[in-house]
file input-v9.txt (compact mmCIF, N, CA and C atoms)
# COMPACT_ATOMS: atom_id res chain seq x y z
N MET A 1 -10.14 -83.52 -14.43
CA MET A 1 -9.80 -84.21 -15.66
C MET A 1 -8.33 -83.94 -15.95
N GLU A 2 -7.59 -84.97 -16.19
CA GLU A 2 -6.18 -84.83 -16.48
C GLU A 2 -5.97 -84.36 -17.91
N GLN A 3 -4.82 -83.76 -18.16
CA GLN A 3 -4.53 -83.24 -19.49
C GLN A 3 -4.59 -84.34 -20.54
N LYS A 4 -4.23 -85.57 -20.19
CA LYS A 4 -4.24 -86.66 -21.17
C LYS A 4 -5.66 -86.94 -21.66
N HIS A 5 -6.69 -86.53 -20.89
CA HIS A 5 -8.07 -86.72 -21.30
C HIS A 5 -8.62 -85.54 -22.09
N LEU A 6 -7.79 -84.54 -22.31
CA LEU A 6 -8.23 -83.40 -23.10
C LEU A 6 -8.10 -83.73 -24.59
N THR A 7 -9.03 -84.50 -25.06
CA THR A 7 -9.08 -84.83 -26.48
C THR A 7 -9.46 -83.57 -27.24
N PRO A 8 -9.28 -83.55 -28.55
CA PRO A 8 -9.73 -82.38 -29.32
C PRO A 8 -11.20 -82.05 -29.05
N ALA A 9 -12.04 -83.07 -28.91
CA ALA A 9 -13.46 -82.82 -28.63
C ALA A 9 -13.63 -82.16 -27.26
N ALA A 10 -12.91 -82.63 -26.25
CA ALA A 10 -13.02 -82.06 -24.91
C ALA A 10 -12.52 -80.62 -24.89
N VAL A 11 -11.48 -80.34 -25.66
CA VAL A 11 -10.97 -78.97 -25.75
C VAL A 11 -12.04 -78.06 -26.37
N ARG A 12 -12.61 -78.48 -27.50
CA ARG A 12 -13.64 -77.66 -28.16
C ARG A 12 -14.88 -77.50 -27.29
N LEU A 13 -15.27 -78.56 -26.59
CA LEU A 13 -16.42 -78.46 -25.69
C LEU A 13 -16.12 -77.50 -24.55
N SER A 14 -14.94 -77.60 -23.97
CA SER A 14 -14.56 -76.69 -22.88
C SER A 14 -14.60 -75.25 -23.35
N GLN A 15 -14.05 -74.99 -24.51
CA GLN A 15 -14.06 -73.63 -25.05
C GLN A 15 -15.49 -73.15 -25.25
N THR A 16 -16.36 -74.02 -25.74
CA THR A 16 -17.76 -73.65 -25.97
C THR A 16 -18.45 -73.34 -24.65
N PHE A 17 -18.28 -74.19 -23.66
CA PHE A 17 -18.89 -73.93 -22.35
C PHE A 17 -18.35 -72.64 -21.73
N LEU A 18 -17.06 -72.38 -21.90
CA LEU A 18 -16.45 -71.21 -21.28
C LEU A 18 -16.87 -69.90 -21.93
N GLU A 19 -17.40 -69.95 -23.15
CA GLU A 19 -17.87 -68.73 -23.80
C GLU A 19 -19.01 -68.09 -23.00
N ASP A 20 -19.84 -68.92 -22.37
CA ASP A 20 -20.92 -68.44 -21.51
C ASP A 20 -21.20 -69.52 -20.47
N VAL A 21 -20.59 -69.39 -19.31
CA VAL A 21 -20.67 -70.45 -18.30
C VAL A 21 -22.06 -70.59 -17.69
N THR A 22 -22.96 -69.67 -17.99
CA THR A 22 -24.33 -69.77 -17.46
C THR A 22 -25.27 -70.49 -18.43
N ARG A 23 -24.81 -70.74 -19.64
CA ARG A 23 -25.69 -71.31 -20.66
C ARG A 23 -25.85 -72.82 -20.49
N ARG A 24 -27.06 -73.30 -20.71
CA ARG A 24 -27.35 -74.73 -20.75
C ARG A 24 -27.47 -75.13 -22.22
N PHE A 25 -26.82 -76.23 -22.56
CA PHE A 25 -26.83 -76.73 -23.94
C PHE A 25 -27.48 -78.11 -23.97
N TYR A 26 -28.15 -78.43 -25.05
CA TYR A 26 -28.52 -79.82 -25.30
C TYR A 26 -27.56 -80.33 -26.35
N ALA A 27 -27.51 -81.64 -26.54
CA ALA A 27 -26.45 -82.28 -27.33
C ALA A 27 -26.31 -81.73 -28.74
N THR A 28 -27.41 -81.55 -29.44
CA THR A 28 -27.32 -81.05 -30.82
C THR A 28 -26.71 -79.65 -30.86
N GLU A 29 -27.07 -78.82 -29.90
CA GLU A 29 -26.48 -77.48 -29.82
C GLU A 29 -24.97 -77.57 -29.60
N LEU A 30 -24.57 -78.46 -28.70
CA LEU A 30 -23.14 -78.62 -28.43
C LEU A 30 -22.38 -79.13 -29.65
N MET A 31 -22.96 -80.09 -30.35
CA MET A 31 -22.28 -80.62 -31.54
C MET A 31 -22.06 -79.51 -32.56
N GLU A 32 -23.08 -78.67 -32.75
CA GLU A 32 -22.97 -77.58 -33.73
C GLU A 32 -22.02 -76.49 -33.25
N ALA A 33 -22.14 -76.09 -31.99
CA ALA A 33 -21.32 -74.99 -31.47
C ALA A 33 -19.85 -75.38 -31.35
N ALA A 34 -19.58 -76.61 -30.95
CA ALA A 34 -18.20 -77.05 -30.74
C ALA A 34 -17.61 -77.76 -31.96
N HIS A 35 -18.43 -78.01 -32.95
CA HIS A 35 -17.98 -78.70 -34.18
C HIS A 35 -17.40 -80.08 -33.87
N VAL A 36 -18.18 -80.87 -33.13
CA VAL A 36 -17.80 -82.25 -32.84
C VAL A 36 -18.95 -83.17 -33.21
N GLY A 37 -18.62 -84.39 -33.57
CA GLY A 37 -19.62 -85.38 -33.90
C GLY A 37 -20.11 -86.10 -32.64
N SER A 38 -21.20 -86.82 -32.79
CA SER A 38 -21.78 -87.50 -31.64
C SER A 38 -20.84 -88.58 -31.09
N GLY A 39 -20.05 -89.20 -31.96
CA GLY A 39 -19.12 -90.23 -31.51
C GLY A 39 -18.03 -89.70 -30.60
N SER A 40 -17.70 -88.42 -30.73
CA SER A 40 -16.72 -87.76 -29.85
C SER A 40 -17.40 -87.03 -28.71
N LEU A 41 -18.61 -86.54 -28.97
CA LEU A 41 -19.32 -85.73 -28.00
C LEU A 41 -19.62 -86.47 -26.70
N TYR A 42 -20.30 -87.59 -26.82
CA TYR A 42 -20.78 -88.28 -25.62
C TYR A 42 -19.67 -88.82 -24.72
N PRO A 43 -18.59 -89.41 -25.27
CA PRO A 43 -17.50 -89.82 -24.38
C PRO A 43 -16.85 -88.63 -23.66
N ALA A 44 -16.68 -87.51 -24.38
CA ALA A 44 -16.09 -86.32 -23.76
C ALA A 44 -17.00 -85.77 -22.67
N LEU A 45 -18.30 -85.71 -22.94
CA LEU A 45 -19.24 -85.23 -21.93
C LEU A 45 -19.22 -86.13 -20.69
N ALA A 46 -19.15 -87.44 -20.91
CA ALA A 46 -19.11 -88.37 -19.78
C ALA A 46 -17.87 -88.14 -18.92
N ARG A 47 -16.70 -87.95 -19.55
CA ARG A 47 -15.47 -87.69 -18.79
C ARG A 47 -15.55 -86.35 -18.06
N MET A 48 -16.11 -85.34 -18.73
CA MET A 48 -16.23 -84.02 -18.11
C MET A 48 -17.20 -84.07 -16.92
N GLU A 49 -18.27 -84.82 -17.06
CA GLU A 49 -19.23 -84.93 -15.96
C GLU A 49 -18.63 -85.72 -14.80
N LYS A 50 -17.92 -86.79 -15.10
CA LYS A 50 -17.28 -87.59 -14.06
C LYS A 50 -16.25 -86.77 -13.29
N SER A 51 -15.58 -85.85 -13.98
CA SER A 51 -14.58 -84.99 -13.35
C SER A 51 -15.20 -83.81 -12.61
N GLY A 52 -16.51 -83.62 -12.73
CA GLY A 52 -17.17 -82.52 -12.05
C GLY A 52 -17.13 -81.20 -12.79
N TRP A 53 -16.68 -81.23 -14.06
CA TRP A 53 -16.62 -80.00 -14.84
C TRP A 53 -18.01 -79.55 -15.28
N ILE A 54 -18.87 -80.52 -15.57
CA ILE A 54 -20.22 -80.21 -16.02
C ILE A 54 -21.22 -81.05 -15.23
N VAL A 55 -22.46 -80.64 -15.31
CA VAL A 55 -23.56 -81.43 -14.78
C VAL A 55 -24.62 -81.50 -15.87
N SER A 56 -25.51 -82.46 -15.74
CA SER A 56 -26.55 -82.61 -16.75
C SER A 56 -27.88 -82.92 -16.07
N GLU A 57 -28.93 -82.68 -16.82
CA GLU A 57 -30.27 -82.92 -16.30
C GLU A 57 -31.20 -83.13 -17.48
N ASP A 58 -32.11 -84.09 -17.33
CA ASP A 58 -33.11 -84.32 -18.36
C ASP A 58 -34.15 -83.21 -18.34
N GLU A 59 -34.64 -82.90 -19.51
CA GLU A 59 -35.75 -81.97 -19.62
C GLU A 59 -36.91 -82.52 -18.79
N ASP A 60 -37.67 -81.68 -18.21
CA ASP A 60 -38.77 -82.09 -17.34
C ASP A 60 -39.68 -83.07 -18.06
N ALA A 61 -39.71 -84.31 -17.57
CA ALA A 61 -40.53 -85.35 -18.20
C ALA A 61 -42.02 -85.05 -18.08
N ALA A 62 -42.41 -84.26 -17.09
CA ALA A 62 -43.83 -83.92 -16.92
C ALA A 62 -44.29 -82.85 -17.92
N ASP A 63 -43.32 -82.17 -18.55
CA ASP A 63 -43.67 -81.12 -19.51
C ASP A 63 -44.07 -81.78 -20.83
N PRO A 64 -45.28 -81.54 -21.31
CA PRO A 64 -45.73 -82.16 -22.55
C PRO A 64 -45.18 -81.50 -23.81
N THR A 65 -44.46 -80.39 -23.68
CA THR A 65 -43.99 -79.64 -24.85
C THR A 65 -43.17 -80.48 -25.82
N PRO A 66 -42.15 -81.24 -25.36
CA PRO A 66 -41.38 -82.04 -26.33
C PRO A 66 -42.26 -83.00 -27.13
N ARG A 67 -43.16 -83.67 -26.45
CA ARG A 67 -44.02 -84.62 -27.16
C ARG A 67 -44.92 -83.90 -28.15
N LYS A 68 -45.39 -82.72 -27.79
CA LYS A 68 -46.23 -81.94 -28.71
C LYS A 68 -45.45 -81.54 -29.95
N ARG A 69 -44.16 -81.34 -29.77
CA ARG A 69 -43.30 -80.96 -30.90
C ARG A 69 -42.77 -82.18 -31.65
N GLY A 70 -43.14 -83.35 -31.20
CA GLY A 70 -42.73 -84.58 -31.89
C GLY A 70 -41.28 -84.96 -31.67
N ARG A 71 -40.74 -84.66 -30.51
CA ARG A 71 -39.36 -85.03 -30.22
C ARG A 71 -39.27 -85.56 -28.80
N PRO A 72 -38.24 -86.35 -28.54
CA PRO A 72 -38.04 -86.83 -27.17
C PRO A 72 -37.54 -85.70 -26.27
N ALA A 73 -37.63 -85.91 -24.98
CA ALA A 73 -37.10 -84.93 -24.02
C ALA A 73 -35.59 -84.81 -24.21
N ARG A 74 -35.08 -83.61 -24.02
CA ARG A 74 -33.65 -83.36 -24.18
C ARG A 74 -32.92 -83.52 -22.84
N ARG A 75 -31.61 -83.74 -22.96
CA ARG A 75 -30.73 -83.74 -21.78
C ARG A 75 -29.90 -82.46 -21.91
N TYR A 76 -29.91 -81.65 -20.86
CA TYR A 76 -29.17 -80.39 -20.86
C TYR A 76 -27.88 -80.53 -20.07
N TYR A 77 -26.84 -79.84 -20.55
CA TYR A 77 -25.52 -79.86 -19.94
C TYR A 77 -25.08 -78.42 -19.68
N TRP A 78 -24.43 -78.20 -18.53
CA TRP A 78 -23.87 -76.89 -18.25
C TRP A 78 -22.65 -77.05 -17.35
N MET A 79 -21.81 -76.03 -17.37
CA MET A 79 -20.55 -76.08 -16.65
C MET A 79 -20.74 -75.63 -15.20
N THR A 80 -20.02 -76.30 -14.31
CA THR A 80 -20.03 -75.91 -12.90
C THR A 80 -19.00 -74.80 -12.69
N GLY A 81 -19.09 -74.12 -11.57
CA GLY A 81 -18.10 -73.09 -11.25
C GLY A 81 -16.71 -73.67 -11.14
N GLU A 82 -16.59 -74.79 -10.44
CA GLU A 82 -15.29 -75.46 -10.33
C GLU A 82 -14.84 -75.97 -11.70
N GLY A 83 -15.78 -76.43 -12.50
CA GLY A 83 -15.45 -76.90 -13.84
C GLY A 83 -14.90 -75.79 -14.71
N ALA A 84 -15.49 -74.60 -14.60
CA ALA A 84 -15.01 -73.46 -15.39
C ALA A 84 -13.57 -73.12 -15.00
N ARG A 85 -13.29 -73.12 -13.71
CA ARG A 85 -11.94 -72.83 -13.25
C ARG A 85 -10.96 -73.90 -13.72
N ALA A 86 -11.33 -75.16 -13.54
CA ALA A 86 -10.45 -76.27 -13.93
C ALA A 86 -10.25 -76.33 -15.43
N ALA A 87 -11.31 -76.10 -16.20
CA ALA A 87 -11.19 -76.14 -17.66
C ALA A 87 -10.30 -75.01 -18.15
N HIS A 88 -10.46 -73.83 -17.58
CA HIS A 88 -9.62 -72.70 -17.97
C HIS A 88 -8.15 -73.02 -17.70
N LEU A 89 -7.86 -73.50 -16.50
CA LEU A 89 -6.48 -73.83 -16.15
C LEU A 89 -5.92 -74.94 -17.05
N ALA A 90 -6.74 -75.95 -17.35
CA ALA A 90 -6.29 -77.05 -18.20
C ALA A 90 -6.00 -76.56 -19.62
N LEU A 91 -6.83 -75.65 -20.12
CA LEU A 91 -6.59 -75.12 -21.47
C LEU A 91 -5.34 -74.25 -21.51
N VAL A 92 -5.10 -73.48 -20.46
CA VAL A 92 -3.87 -72.68 -20.38
C VAL A 92 -2.65 -73.61 -20.34
N GLU A 93 -2.73 -74.65 -19.51
CA GLU A 93 -1.63 -75.60 -19.41
C GLU A 93 -1.39 -76.31 -20.75
N LEU A 94 -2.45 -76.70 -21.41
CA LEU A 94 -2.31 -77.35 -22.72
C LEU A 94 -1.69 -76.39 -23.72
N SER A 95 -2.15 -75.16 -23.73
CA SER A 95 -1.60 -74.16 -24.64
C SER A 95 -0.11 -73.96 -24.40
N ASP A 96 0.27 -73.88 -23.14
CA ASP A 96 1.70 -73.72 -22.81
C ASP A 96 2.51 -74.93 -23.24
N SER A 97 1.92 -76.13 -23.14
CA SER A 97 2.66 -77.34 -23.46
C SER A 97 2.85 -77.54 -24.96
N VAL A 98 2.05 -76.90 -25.78
CA VAL A 98 2.18 -77.09 -27.23
C VAL A 98 2.73 -75.84 -27.94
N ARG A 99 3.00 -74.81 -27.19
CA ARG A 99 3.54 -73.58 -27.77
C ARG A 99 5.01 -73.80 -28.12
N PRO A 100 5.43 -73.37 -29.32
CA PRO A 100 6.85 -73.52 -29.67
C PRO A 100 7.70 -72.60 -28.80
N PRO A 101 8.95 -72.98 -28.55
CA PRO A 101 9.80 -72.13 -27.73
C PRO A 101 10.03 -70.77 -28.39
N ALA A 102 10.26 -69.77 -27.58
CA ALA A 102 10.45 -68.41 -28.09
C ALA A 102 11.64 -68.32 -29.04
N SER A 103 12.63 -69.19 -28.88
CA SER A 103 13.82 -69.14 -29.73
C SER A 103 13.64 -69.93 -31.02
N SER A 104 12.49 -70.53 -31.24
CA SER A 104 12.25 -71.32 -32.44
C SER A 104 12.23 -70.42 -33.68
N PRO A 105 13.00 -70.79 -34.71
CA PRO A 105 13.00 -69.95 -35.92
C PRO A 105 11.76 -70.17 -36.77
N GLY A 106 11.00 -71.22 -36.49
CA GLY A 106 9.83 -71.50 -37.31
C GLY A 106 10.25 -71.90 -38.72
N TRP A 107 9.32 -71.88 -39.63
CA TRP A 107 9.62 -72.20 -41.03
C TRP A 107 9.98 -70.91 -41.73
N LEU A 108 11.20 -70.82 -42.18
CA LEU A 108 11.67 -69.61 -42.84
C LEU A 108 11.67 -69.76 -44.35
N GLY A 109 10.62 -70.33 -44.88
CA GLY A 109 10.50 -70.44 -46.33
C GLY A 109 10.89 -71.79 -46.88
N ASP A 110 11.92 -72.42 -46.35
CA ASP A 110 12.39 -73.70 -46.85
C ASP A 110 11.90 -74.78 -45.90
N PRO A 111 10.92 -75.61 -46.33
CA PRO A 111 10.35 -76.59 -45.42
C PRO A 111 11.29 -77.74 -45.05
N ALA A 112 12.37 -77.93 -45.79
CA ALA A 112 13.30 -79.03 -45.49
C ALA A 112 14.58 -78.46 -44.90
N PRO A 113 15.03 -79.00 -43.77
CA PRO A 113 16.31 -78.54 -43.20
C PRO A 113 17.43 -78.85 -44.16
N LYS A 114 18.45 -78.01 -44.15
CA LYS A 114 19.60 -78.21 -45.02
C LYS A 114 20.31 -79.51 -44.68
N GLY A 115 20.77 -80.19 -45.69
CA GLY A 115 21.49 -81.43 -45.51
C GLY A 115 20.61 -82.66 -45.44
N VAL A 116 19.31 -82.49 -45.63
CA VAL A 116 18.41 -83.64 -45.56
C VAL A 116 18.00 -84.04 -46.94
call {"tool": "encode", "arguments": {"input": "input-v9.txt", "output": "structure tokens"}}
result
Amino acid sequence: MEQKHLTPAAVRLSQTFLEDVTRRFYATELMEAAHVGSGSLYPALARMEKSGWIVSEDEDAADPTPRKRGRPARRYYWMTGEGARAAHLALVELSDSVRPPASSPGWLGDPAPKGV
């Protein structure tokens, strides 16, 4: 996945997956853990899956448990080993690209530059 595809949702999802690369999430868990809405979640998951960062699998359709609980079968998502490496590198690169230069004075109390 190229850096231009690292939307805020993809960044938050990557961070969530990287917290425990062995964990499998279903969509509602991901939305809550990453603080993203469904409108951002599914496009980001699709891009991440297409890039090989994550894989997904439907809950076993033969298992009657979801139906007994009155819900449809879930789709689970988890990060691949290559995805974890690529996501980590992409987040480091993104962080470096948005970090202010070391010589930046920052805001020193006066939000408006002099003479403006």
call {"tool": "closest_residue", "arguments": {"input": "input-v9.txt", "among": "A:Tyr76, A:Phe25, A:His35, A:Ser103", "to": "Leu13 (chain A)", "atoms": "only N, CA and C atoms"}}
result
A:His35
call {"tool": "atom_distance", "arguments": {"input": "input-v9.txt", "atom1": "atom C of Ala34 (chain A)", "atom2": "atom N of Arg12 (chain A)"}}
result
6.7 Å
call {"tool": "closest_residue", "arguments": {"input": "input-v9.txt", "among": "A:Arg99, A:Arg75, A:Arg85, A:Arg23", "to": "Glu57 (chain A)", "atoms": "only N, CA and C atoms"}}
result
A:Arg75
call {"tool": "closest_residue", "arguments": {"input": "input-v9.txt", "among": "A:Pro8, A:Glu59, A:Met31, A:Ser14", "to": "Arg71 (chain A)", "atoms": "only C-alpha atoms"}}
result
A:Glu59
call {"tool": "select_by_dssp", "arguments": {"input": "input-v9.txt", "residues": "region 14-90 of chain A", "states": "strand (DSSP E)", "output": "number ranges by chain"}}
result
A: 25-26, 54-58, 75-79
call {"tool": "residues_around", "arguments": {"input": "input-v9.txt", "residues": "Trp53 (chain A)", "least_positions_apart": "4", "cutoff": "6 Å", "atoms": "only N, CA and C atoms", "output": "ChimeraX atom specification"}}
result
/A:48-49,78-80,82-84
call {"tool": "atom_distance", "arguments": {"input": "input-v9.txt", "atom1": "CA of Lys50 (chain A)", "atom2": "CA of His5 (chain A)"}}
result
11.7 Å
call {"tool": "atom_distance", "arguments": {"input": "input-v9.txt", "atom1": "atom C of Arg24 (chain A)", "atom2": "atom N of Gly70 (chain A)"}}
result
19.8 Å
call {"tool": "select_by_dssp", "arguments": {"input": "input-v9.txt", "residues": "region 2-112 of chain A", "states": "helix (DSSP H, G or I)", "output": "number ranges by chain"}}
result
A: 3-5, 8-19, 27-34, 38-50, 65-68, 81-98
call {"tool": "closest_residue", "arguments": {"input": "input-v9.txt", "among": "A:Leu30, A:Ala102, A:Val92, A:Val55", "to": "Thr16 (chain A)", "atoms": "only C-alpha atoms"}}
result
A:Leu30
call {"tool": "build_atoms", "arguments": {"input": "input-v9.txt", "residues": "region 68-79 of chain A", "atoms": "all heavy atoms", "output": "CSV table (one decimal), keeping the file's coordinate frame"}}
result
chain,number,residue,atom,x,y,z
A,68,LYS,N,-45.4,-82.7,-27.8
A,68,LYS,CA,-46.2,-81.9,-28.7
A,68,LYS,C,-45.4,-81.5,-30.0
A,68,LYS,O,-46.0,-81.4,-31.0
A,68,LYS,CB,-46.8,-80.7,-28.0
A,68,LYS,CG,-47.9,-80.9,-27.0
A,68,LYS,CD,-48.4,-79.6,-26.4
A,68,LYS,CE,-49.4,-79.9,-25.4
A,68,LYS,NZ,-49.9,-78.6,-24.7
A,69,ARG,N,-44.2,-81.3,-29.8
A,69,ARG,CA,-43.3,-81.0,-30.9
A,69,ARG,C,-42.8,-82.2,-31.6
A,69,ARG,O,-42.0,-82.0,-32.6
A,69,ARG,CB,-42.1,-80.1,-30.4
A,69,ARG,CG,-42.6,-78.8,-29.9
A,69,ARG,CD,-41.4,-77.9,-29.6
A,69,ARG,NE,-41.9,-76.6,-29.1
A,69,ARG,CZ,-41.3,-75.8,-28.3
A,69,ARG,NH1,-40.0,-76.1,-27.9
A,69,ARG,NH2,-41.8,-74.6,-28.0
A,70,GLY,N,-43.1,-83.4,-31.2
A,70,GLY,CA,-42.7,-84.6,-31.9
A,70,GLY,C,-41.3,-85.0,-31.7
A,70,GLY,O,-40.6,-85.5,-32.5
A,71,ARG,N,-40.7,-84.7,-30.5
A,71,ARG,CA,-39.4,-85.0,-30.2
A,71,ARG,C,-39.3,-85.6,-28.8
A,71,ARG,O,-40.1,-85.3,-28.0
A,71,ARG,CB,-38.4,-83.8,-30.4
A,71,ARG,CG,-38.7,-82.7,-29.4
A,71,ARG,CD,-37.6,-81.7,-29.4
A,71,ARG,NE,-37.8,-80.5,-28.6
A,71,ARG,CZ,-37.7,-80.5,-27.3
A,71,ARG,NH1,-37.3,-81.5,-26.6
A,71,ARG,NH2,-38.0,-79.4,-26.6
A,72,PRO,N,-38.2,-86.4,-28.5
A,72,PRO,CA,-38.0,-86.8,-27.2
A,72,PRO,C,-37.5,-85.7,-26.3
A,72,PRO,O,-37.1,-84.7,-26.8
A,72,PRO,CB,-37.0,-87.9,-27.3
A,72,PRO,CG,-36.3,-87.6,-28.6
A,72,PRO,CD,-37.3,-86.9,-29.5
A,73,ALA,N,-37.6,-85.9,-25.0
A,73,ALA,CA,-37.1,-84.9,-24.0
A,73,ALA,C,-35.6,-84.8,-24.2
A,73,ALA,O,-34.9,-85.8,-24.5
A,73,ALA,CB,-37.4,-85.4,-22.6
A,74,ARG,N,-35.1,-83.6,-24.0
A,74,ARG,CA,-33.6,-83.4,-24.2
A,74,ARG,C,-32.9,-83.5,-22.8
A,74,ARG,O,-33.5,-83.4,-21.8
A,74,ARG,CB,-33.4,-81.9,-24.7
A,74,ARG,CG,-33.9,-81.7,-26.1
A,74,ARG,CD,-33.8,-80.2,-26.4
A,74,ARG,NE,-34.2,-80.1,-27.8
A,74,ARG,CZ,-34.7,-78.9,-28.3
A,74,ARG,NH1,-34.9,-77.9,-27.6
A,74,ARG,NH2,-34.9,-78.9,-29.6
A,75,ARG,N,-31.6,-83.7,-23.0
A,75,ARG,CA,-30.7,-83.7,-21.8
A,75,ARG,C,-29.9,-82.5,-21.9
A,75,ARG,O,-29.3,-82.2,-22.9
A,75,ARG,CB,-29.8,-85.0,-21.8
A,75,ARG,CG,-29.0,-85.0,-20.5
A,75,ARG,CD,-28.5,-86.5,-20.3
A,75,ARG,NE,-27.9,-86.6,-19.0
A,75,ARG,CZ,-28.6,-86.8,-17.8
A,75,ARG,NH1,-29.9,-86.9,-17.9
A,75,ARG,NH2,-28.0,-86.9,-16.7
A,76,TYR,N,-29.9,-81.6,-20.9
A,76,TYR,CA,-29.2,-80.4,-20.9
A,76,TYR,C,-27.9,-80.5,-20.1
A,76,TYR,O,-27.8,-81.2,-19.1
A,76,TYR,CB,-30.0,-79.3,-20.3
A,76,TYR,CG,-31.1,-78.8,-21.2
A,76,TYR,CD1,-32.4,-79.4,-21.2
A,76,TYR,CD2,-30.8,-77.8,-22.2
A,76,TYR,CE1,-33.4,-79.0,-22.0
A,76,TYR,CE2,-31.8,-77.4,-23.0
A,76,TYR,CZ,-33.1,-78.0,-23.0
A,76,TYR,OH,-34.0,-77.6,-23.9
A,77,TYR,N,-26.8,-79.8,-20.6
A,77,TYR,CA,-25.5,-79.9,-19.9
A,77,TYR,C,-25.1,-78.4,-19.7
A,77,TYR,O,-25.3,-77.5,-20.5
A,77,TYR,CB,-24.5,-80.5,-20.9
A,77,TYR,CG,-24.8,-81.9,-21.3
A,77,TYR,CD1,-25.7,-82.2,-22.4
A,77,TYR,CD2,-24.3,-83.0,-20.6
A,77,TYR,CE1,-26.0,-83.5,-22.8
A,77,TYR,CE2,-24.7,-84.3,-21.0
A,77,TYR,CZ,-25.5,-84.5,-22.1
A,77,TYR,OH,-25.8,-85.8,-22.4
A,78,TRP,N,-24.4,-78.2,-18.5
A,78,TRP,CA,-23.9,-76.9,-18.2
A,78,TRP,C,-22.6,-77.0,-17.4
A,78,TRP,O,-22.5,-78.1,-16.7
A,78,TRP,CB,-24.9,-75.9,-17.6
A,78,TRP,CG,-25.4,-76.3,-16.3
A,78,TRP,CD1,-25.0,-75.9,-15.1
A,78,TRP,CD2,-26.5,-77.3,-16.0
A,78,TRP,NE1,-25.7,-76.5,-14.1
A,78,TRP,CE2,-26.7,-77.3,-14.6
A,78,TRP,CE3,-27.3,-78.0,-16.8
A,78,TRP,CZ2,-27.6,-78.1,-14.0
A,78,TRP,CZ3,-28.3,-78.8,-16.2
A,78,TRP,CH2,-28.4,-78.9,-14.8
A,79,MET,N,-21.8,-76.0,-17.4
A,79,MET,CA,-20.6,-76.1,-16.6
A,79,MET,C,-20.7,-75.6,-15.2
A,79,MET,O,-21.5,-74.7,-14.9
A,79,MET,CB,-19.5,-75.2,-17.4
A,79,MET,CG,-18.1,-75.3,-16.8
A,79,MET,SD,-16.9,-74.8,-18.1
A,79,MET,CE,-16.4,-76.4,-18.7
